[in-house]
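A.B. asks: So that we are looking at the same thing, I have put the structure below in structure tokens.
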2 protein chains.
Amino acid sequence: MIGIDWGTTAFRAYRLDDRGEVLDGIDRAAGILTIPPGGFPAALQEAIGPWLAAGETRILLCGMVGSRQGWVEAPYLPCPAGPAAIAAAVVRLDFAGVDCVLVPGLTARDAGGVPDVMRGEETKLVGLLAELGQAAALVCLPGTHSKWARLEAGRIAGFATQMTGETRAVLLQHSILGRLAEPGPGDEAAFLRGVARAGEAGGLLHHLFGTRALGLMGELPASGTDSYLSGLLIGHELQAVLAEGVPTGPIHLAGSETLARAYALAFTAQGLSFTRHADDIVARGLARIAETVAWSPA
Amino acid sequence: MIGIDWGTTAFRAYRLDDRGEVLDGIDRAAGILTIPPGGFPAALQEAIGPWLAAGETRILLCGMVGSRQGWVEAPYLPCPAGPAAIAAAVVRLDFAGVDCVLVPGLTARDAGGVPDVMRGEETKLVGLLAELGQAAALVCLPGTHSKWARLEAGRIAGFATQMTGETRAVLLQHSILGRLAEPGPGDEAAFLRGVARAGEAGGLLHHLFGTRALGLMGELPASGTDSYLSGLLIGHELQAVLAEGVPTGPIHLAGSETLARAYALAFTAQGLSFTRHADDIVARGLARIAETVAWSPA
């Protein structure tokens, strides 16, 4: 089968064998934002044509390709949801005469009754479930919109999103904080100062302005502003998670090398134990969901 | 005398009589960002030439005109500081052969030892001191960078900045939250939902993403997104202030009509009493500081 994670900025495809092992892979900066209206079938044909020609007849897609801006809008499945419920809720696509289905996103509500959504991360979480089994676990998937999920009894019990990465990006690019920042190598000391600052009184909006005041007063080098701001925002993300209760086991962390390293530093600074997982758990999740999808009879 | 508040985006000048009453005023969108390097004397001459021709010989300036991006960089005076200390720290400018001086900014440190800065607001606070005398008071000056100041014994004891307005602006203009927002009249109900949300668990970064999820799930109209986001950010600003202790007296609020109205709504929703002051307290502050400036002998 073919498993695909088609996100906002990236297209990742995997050719998988019957045991879910990756035989071949494609990784392109061809996210859904690069696809013209109605252009999804042609783009997919172009990308995986050789695999189809080689006889593959089953395709499972996940990610923002199932959003309003994607190929077809798939509904959000409410939590708790496990691999079987997700597989039962796939949406069928008309593509090249093969069996092509789309993984639904998930939705959850927090204590305040406010909804939350994910698309693509549910498949990564299923990949982790394949590893973690029935155990209860807290998972952190850092990113533009970081996802914190609770796994329980082989299902995704609930999750919450923190808009950490995007807030950092817009502040650096468009606010007064970016005017002081100079490009520099990751400054670990400045990052950890930001993480520690997040634990102090004053609130995030005050701490943000403090980043500027520190720069103006010569107490934070321009080359450390970006790292300090990252630490501050990740620190506030972590404070919000800890306010709901200190995790009883390790935090399961999976993300890109740069982000996972930053979060690992922040966890260590806060005395939190964690386990890192490979960033390609999405292939495992696609394989796992595919096992229970009701494919058309071959 | 002539008193001037020359900020980032606005130029406001007042011709004041001996009792500090405003005889005439100028209000232009000619902030320091519109002035070319070295162009401050010419711009000022052009704006207040008629008043100089009429015999005025004393000019007191405050605001971002005293910043690194302004005419001359004035130092920051540490808090606590009162009108006399501010008047003693003015910086003299060479302009048109008249007596022209610049009000210093103020700096303070919070419990975590992190510095904070203001330029222009110290003069508004002096204007309030003229009204409030020796009483202890908590002041809120909402804006791009909202200032919360404590007045004690006729001085500005300390202050903290919250980067509320600018965070709102960059998120609306540049983040995914803005994509859902449609222009609409101020939606008071959505604003108050945002204020209430700020009191719930999850943290600001989670609440920000919730704004998007509410929109996606059809639980917040696109025309209310801006108001909800305003309420959320002002609500978080307020939560941070309240975390330091509930004010024992009314909050003294001075700002533009739109902002003061929004903050007043948020205060009322949180059961906080407040007193509104005119937004032109800066003229009163300029007059008050001018009383004790060591002007050159006429």
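We name chains A, B, ... following the order of the structure tokens; residues begin at 1 in each chain, and ligands are numbered from 1 as shown.
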Sort by chain and increasing residue number a table of all residues of chain B within 8 Å of chain A, each with its closest pair of atoms and their distance in Å to one decimal, counting only C-alpha atoms, and write it as CSV.
C.D. replies:
residue,atom,partner,partner_atom,distance
B:Ala111,CA,A:Ala201,CA,7.6
B:Gly112,CA,A:Glu200,CA,6.6
B:Val114,CA,A:Gly210,CA,6.6
B:Pro115,CA,A:Ala213,CA,5.8
B:Asp116,CA,A:Ala213,CA,5.3
B:Val117,CA,A:Ala213,CA,6.2
B:His145,CA,A:Phe209,CA,7.8
B:Ala160,CA,A:His206,CA,7.0
B:Thr161,CA,A:His206,CA,5.6
B:Gln162,CA,A:His206,CA,4.2
B:Met163,CA,A:Leu205,CA,5.0
B:Thr164,CA,A:Leu205,CA,6.1
B:Glu166,CA,A:Ser175,CA,7.0
B:Thr167,CA,A:Leu171,CA,7.5
B:Val170,CA,A:His174,CA,6.3
B:Leu171,CA,A:Val170,CA,7.0
B:His174,CA,A:Val170,CA,6.3
B:Ser175,CA,A:Val170,CA,6.6
B:Arg197,CA,A:Gly112,CA,7.7
B:Glu200,CA,A:Gly112,CA,6.6
B:Ala201,CA,A:Ala240,CA,7.4
B:Gly202,CA,A:Ala240,CA,5.3
B:Gly203,CA,A:Ala240,CA,5.1
B:Leu204,CA,A:Leu204,CA,7.6
B:Leu205,CA,A:Gln162,CA,4.9
B:His206,CA,A:Gln162,CA,4.2
B:His207,CA,A:Gln162,CA,7.8
B:Leu208,CA,A:Met163,CA,6.5
B:Phe209,CA,A:Met163,CA,5.5
B:Gly210,CA,A:Asp116,CA,6.2
B:Ala213,CA,A:Asp116,CA,5.3
B:Leu214,CA,A:Pro115,CA,6.1
B:Met217,CA,A:Pro115,CA,7.5
B:His236,CA,A:Gly203,CA,7.5
B:Glu237,CA,A:Leu205,CA,6.7
B:Gln239,CA,A:Gly203,CA,8.0
B:Ala240,CA,A:Gly203,CA,5.1
B:Val241,CA,A:Gly202,CA,7.1
B:Ala243,CA,A:Ala201,CA,7.8
B:Glu244,CA,A:Ala201,CA,7.7
A.B. asks: What lies within 7 Å of Ala81 in chain B using only C-alpha atoms, ignoring chain neighbours under 3 positions off, as a list in words?
C.D. replies: Pro78, Ala85, Ile86, Arg155, Ile156 and Ala157 of chain B
A.B. asks: Among range 137-296 of chain B, which residues carry a DSSP assignment of strand (DSSP E or B), reported as a count of residues only?
C.D. replies: 28
A.B. asks: What gap, in Å, lies between CA of Ala96 in chain A and CA of Ala287 in chain A?
C.D. replies: 21.1 Å
A.B. asks: Where does DSSP see alpha helix (DSSP H) in range 84-180 of chain B, if you list the residues as a ChimeraX atom specification?
C.D. replies: /B:84-88,121-132,164-174,176-180
A.B. asks: Restricted to C-alpha atoms, what would the selected residues look like written as a PDB file, in the first residue's frame?
C.D. replies:
ATOM      1  CA  ALA B  84      10.784  66.855  40.455  1.00  0.00           C
ATOM      2  CA  ALA B  85      13.205  64.014  39.664  1.00  0.00           C
ATOM      3  CA  ILE B  86      11.890  63.857  36.102  1.00  0.00           C
ATOM      4  CA  ALA B  87      12.229  67.627  35.680  1.00  0.00           C
ATOM      5  CA  ALA B  88      15.801  67.450  37.009  1.00  0.00           C
ATOM      6  CA  GLU B 121       3.604  57.489  29.623  1.00  0.00           C
ATOM      7  CA  GLU B 122       5.658  58.925  32.535  1.00  0.00           C
ATOM      8  CA  THR B 123       4.343  62.346  31.527  1.00  0.00           C
ATOM      9  CA  LYS B 124       0.742  61.085  31.477  1.00  0.00           C
ATOM     10  CA  LEU B 125       1.323  59.609  34.927  1.00  0.00           C
ATOM     11  CA  VAL B 126       2.628  62.964  36.167  1.00  0.00           C
ATOM     12  CA  GLY B 127      -0.585  64.459  34.796  1.00  0.00           C
ATOM     13  CA  LEU B 128      -2.556  61.947  36.880  1.00  0.00           C
ATOM     14  CA  LEU B 129      -0.409  62.669  39.939  1.00  0.00           C
ATOM     15  CA  ALA B 130      -1.469  66.307  39.633  1.00  0.00           C
ATOM     16  CA  GLU B 131      -5.025  65.051  40.030  1.00  0.00           C
ATOM     17  CA  LEU B 132      -4.533  62.250  42.554  1.00  0.00           C
ATOM     18  CA  THR B 164      -1.303  43.302  24.400  1.00  0.00           C
ATOM     19  CA  GLY B 165      -2.124  45.634  21.514  1.00  0.00           C
ATOM     20  CA  GLU B 166       0.827  44.711  19.347  1.00  0.00           C
ATOM     21  CA  THR B 167       0.329  40.978  19.927  1.00  0.00           C
ATOM     22  CA  ARG B 168      -3.289  41.342  18.841  1.00  0.00           C
ATOM     23  CA  ALA B 169      -2.285  43.292  15.741  1.00  0.00           C
ATOM     24  CA  VAL B 170       0.387  40.858  14.519  1.00  0.00           C
ATOM     25  CA  LEU B 171      -1.801  37.821  15.184  1.00  0.00           C
ATOM     26  CA  LEU B 172      -4.717  39.357  13.282  1.00  0.00           C
ATOM     27  CA  GLN B 173      -2.594  40.537  10.382  1.00  0.00           C
ATOM     28  CA  HIS B 174      -0.120  37.701  10.041  1.00  0.00           C
ATOM     29  CA  ILE B 176      -3.841  31.865  10.875  1.00  0.00           C
ATOM     30  CA  LEU B 177      -6.263  33.629  13.267  1.00  0.00           C
ATOM     31  CA  GLY B 178      -6.560  36.540  10.866  1.00  0.00           C
ATOM     32  CA  ARG B 179      -7.542  34.256   7.987  1.00  0.00           C
ATOM     33  CA  LEU B 180     -10.829  33.478   9.717  1.00  0.00           C
TER      34      LEU B 180
END
A.B. asks: Considering only C-alpha atoms, return as a list in words whatever protein or nucleic-acid residues lie within 7 Å of Phe11 in chain A, sequence-local ones (same chain, fewer than 5 positions apart) excluded.
C.D. replies: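 Counting only the stated atoms, we get Asp5, Trp6, Asp27, Arg28, Ala29, Ala30 and Gly31 of chain A.
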A.B. asks: In terms of the shortest atom-to-atom distance over only C-alpha atoms, which of A:Thr57, A:Thr292, A:Gln134, A:Thr225 is closest to Leu16 in chain A?
C.D. replies: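 Closest candidate: A:Thr57.
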A.B. asks: Please provide as a ChimeraX atom specification all residues within 6 Å of Trp148 in chain B, with the sequence filter that same-chain residues fewer than 5 positions apart are discarded (counting only C-alpha atoms).
C.D. replies: /B:139-140,159-160
A.B. asks: Find the residue from B:Gly120, B:Gly97, B:Pro41, B:Gly66 that sits nearest to Ile281 in chain B; use only C-alpha atoms when measuring.
C.D. replies: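 Among the listed residues, B:Gly120 lies closest to Ile281 in chain B.
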A.B. asks: Write out as a ChimeraX atom specification which residues come within 12 Å of Gly3 in chain B when counting only C-alpha atoms, dropping same-chain ones fewer than 2 positions away.
C.D. replies: /B:1,5-6,11-17,20-26,44,48,51,56-63,99-103,120,123,280-291
A.B. asks: Between B:Gly143, B:Val72, B:Ser296, B:Arg150, which is the closest to Ala254 in chain B once you count only C-alpha atoms?
C.D. replies: B:Gly143
A.B. asks: Using only C-alpha atoms, determine which residues lie at most 9 Å from Phe191 in chain B, disregarding the query and same-chain residues fewer than 6 positions distant; provide the list as a compact mmCIF listing (two decimals) with N, CA, C and O atoms, in the first residue's frame.
C.D. replies:
# COMPACT_ATOMS: atom_id res chain seq x y z
N GLY B 224 -16.88 38.07 14.59
CA GLY B 224 -16.62 38.23 16.02
C GLY B 224 -15.21 37.84 16.43
O GLY B 224 -14.83 37.99 17.60
N THR B 225 -14.42 37.32 15.47
CA THR B 225 -13.09 36.81 15.80
C THR B 225 -12.20 37.90 16.38
O THR B 225 -11.51 37.69 17.38
N ASP B 226 -12.21 39.07 15.76
CA ASP B 226 -11.38 40.18 16.20
C ASP B 226 -11.75 40.57 17.64
O ASP B 226 -10.87 40.70 18.51
N SER B 227 -13.04 40.72 17.91
CA SER B 227 -13.48 41.10 19.25
C SER B 227 -13.14 40.02 20.28
O SER B 227 -12.71 40.32 21.40
N TYR B 228 -13.34 38.75 19.91
CA TYR B 228 -13.02 37.65 20.82
C TYR B 228 -11.53 37.67 21.16
O TYR B 228 -11.14 37.54 22.32
N LEU B 229 -10.71 37.85 20.14
CA LEU B 229 -9.25 37.88 20.34
C LEU B 229 -8.85 39.06 21.23
O LEU B 229 -8.01 38.91 22.12
N SER B 230 -9.47 40.22 21.01
CA SER B 230 -9.21 41.37 21.88
C SER B 230 -9.56 41.04 23.33
O SER B 230 -8.78 41.32 24.24
N GLY B 231 -10.72 40.45 23.52
CA GLY B 231 -11.15 40.11 24.87
C GLY B 231 -10.22 39.11 25.52
O GLY B 231 -9.88 39.20 26.70
N LEU B 232 -9.78 38.13 24.72
CA LEU B 232 -8.87 37.10 25.22
C LEU B 232 -7.56 37.72 25.69
O LEU B 232 -7.07 37.43 26.79
N ALA B 262 -13.11 49.33 25.82
CA ALA B 262 -12.87 47.88 25.88
C ALA B 262 -12.36 47.47 27.26
O ALA B 262 -12.85 46.50 27.85
N LEU B 265 -15.12 47.59 29.86
CA LEU B 265 -15.98 46.40 29.75
C LEU B 265 -15.34 45.20 30.47
O LEU B 265 -16.00 44.46 31.20
N ALA B 266 -14.04 45.02 30.23
CA ALA B 266 -13.33 43.89 30.84
C ALA B 266 -13.29 44.05 32.36
O ALA B 266 -13.49 43.08 33.11
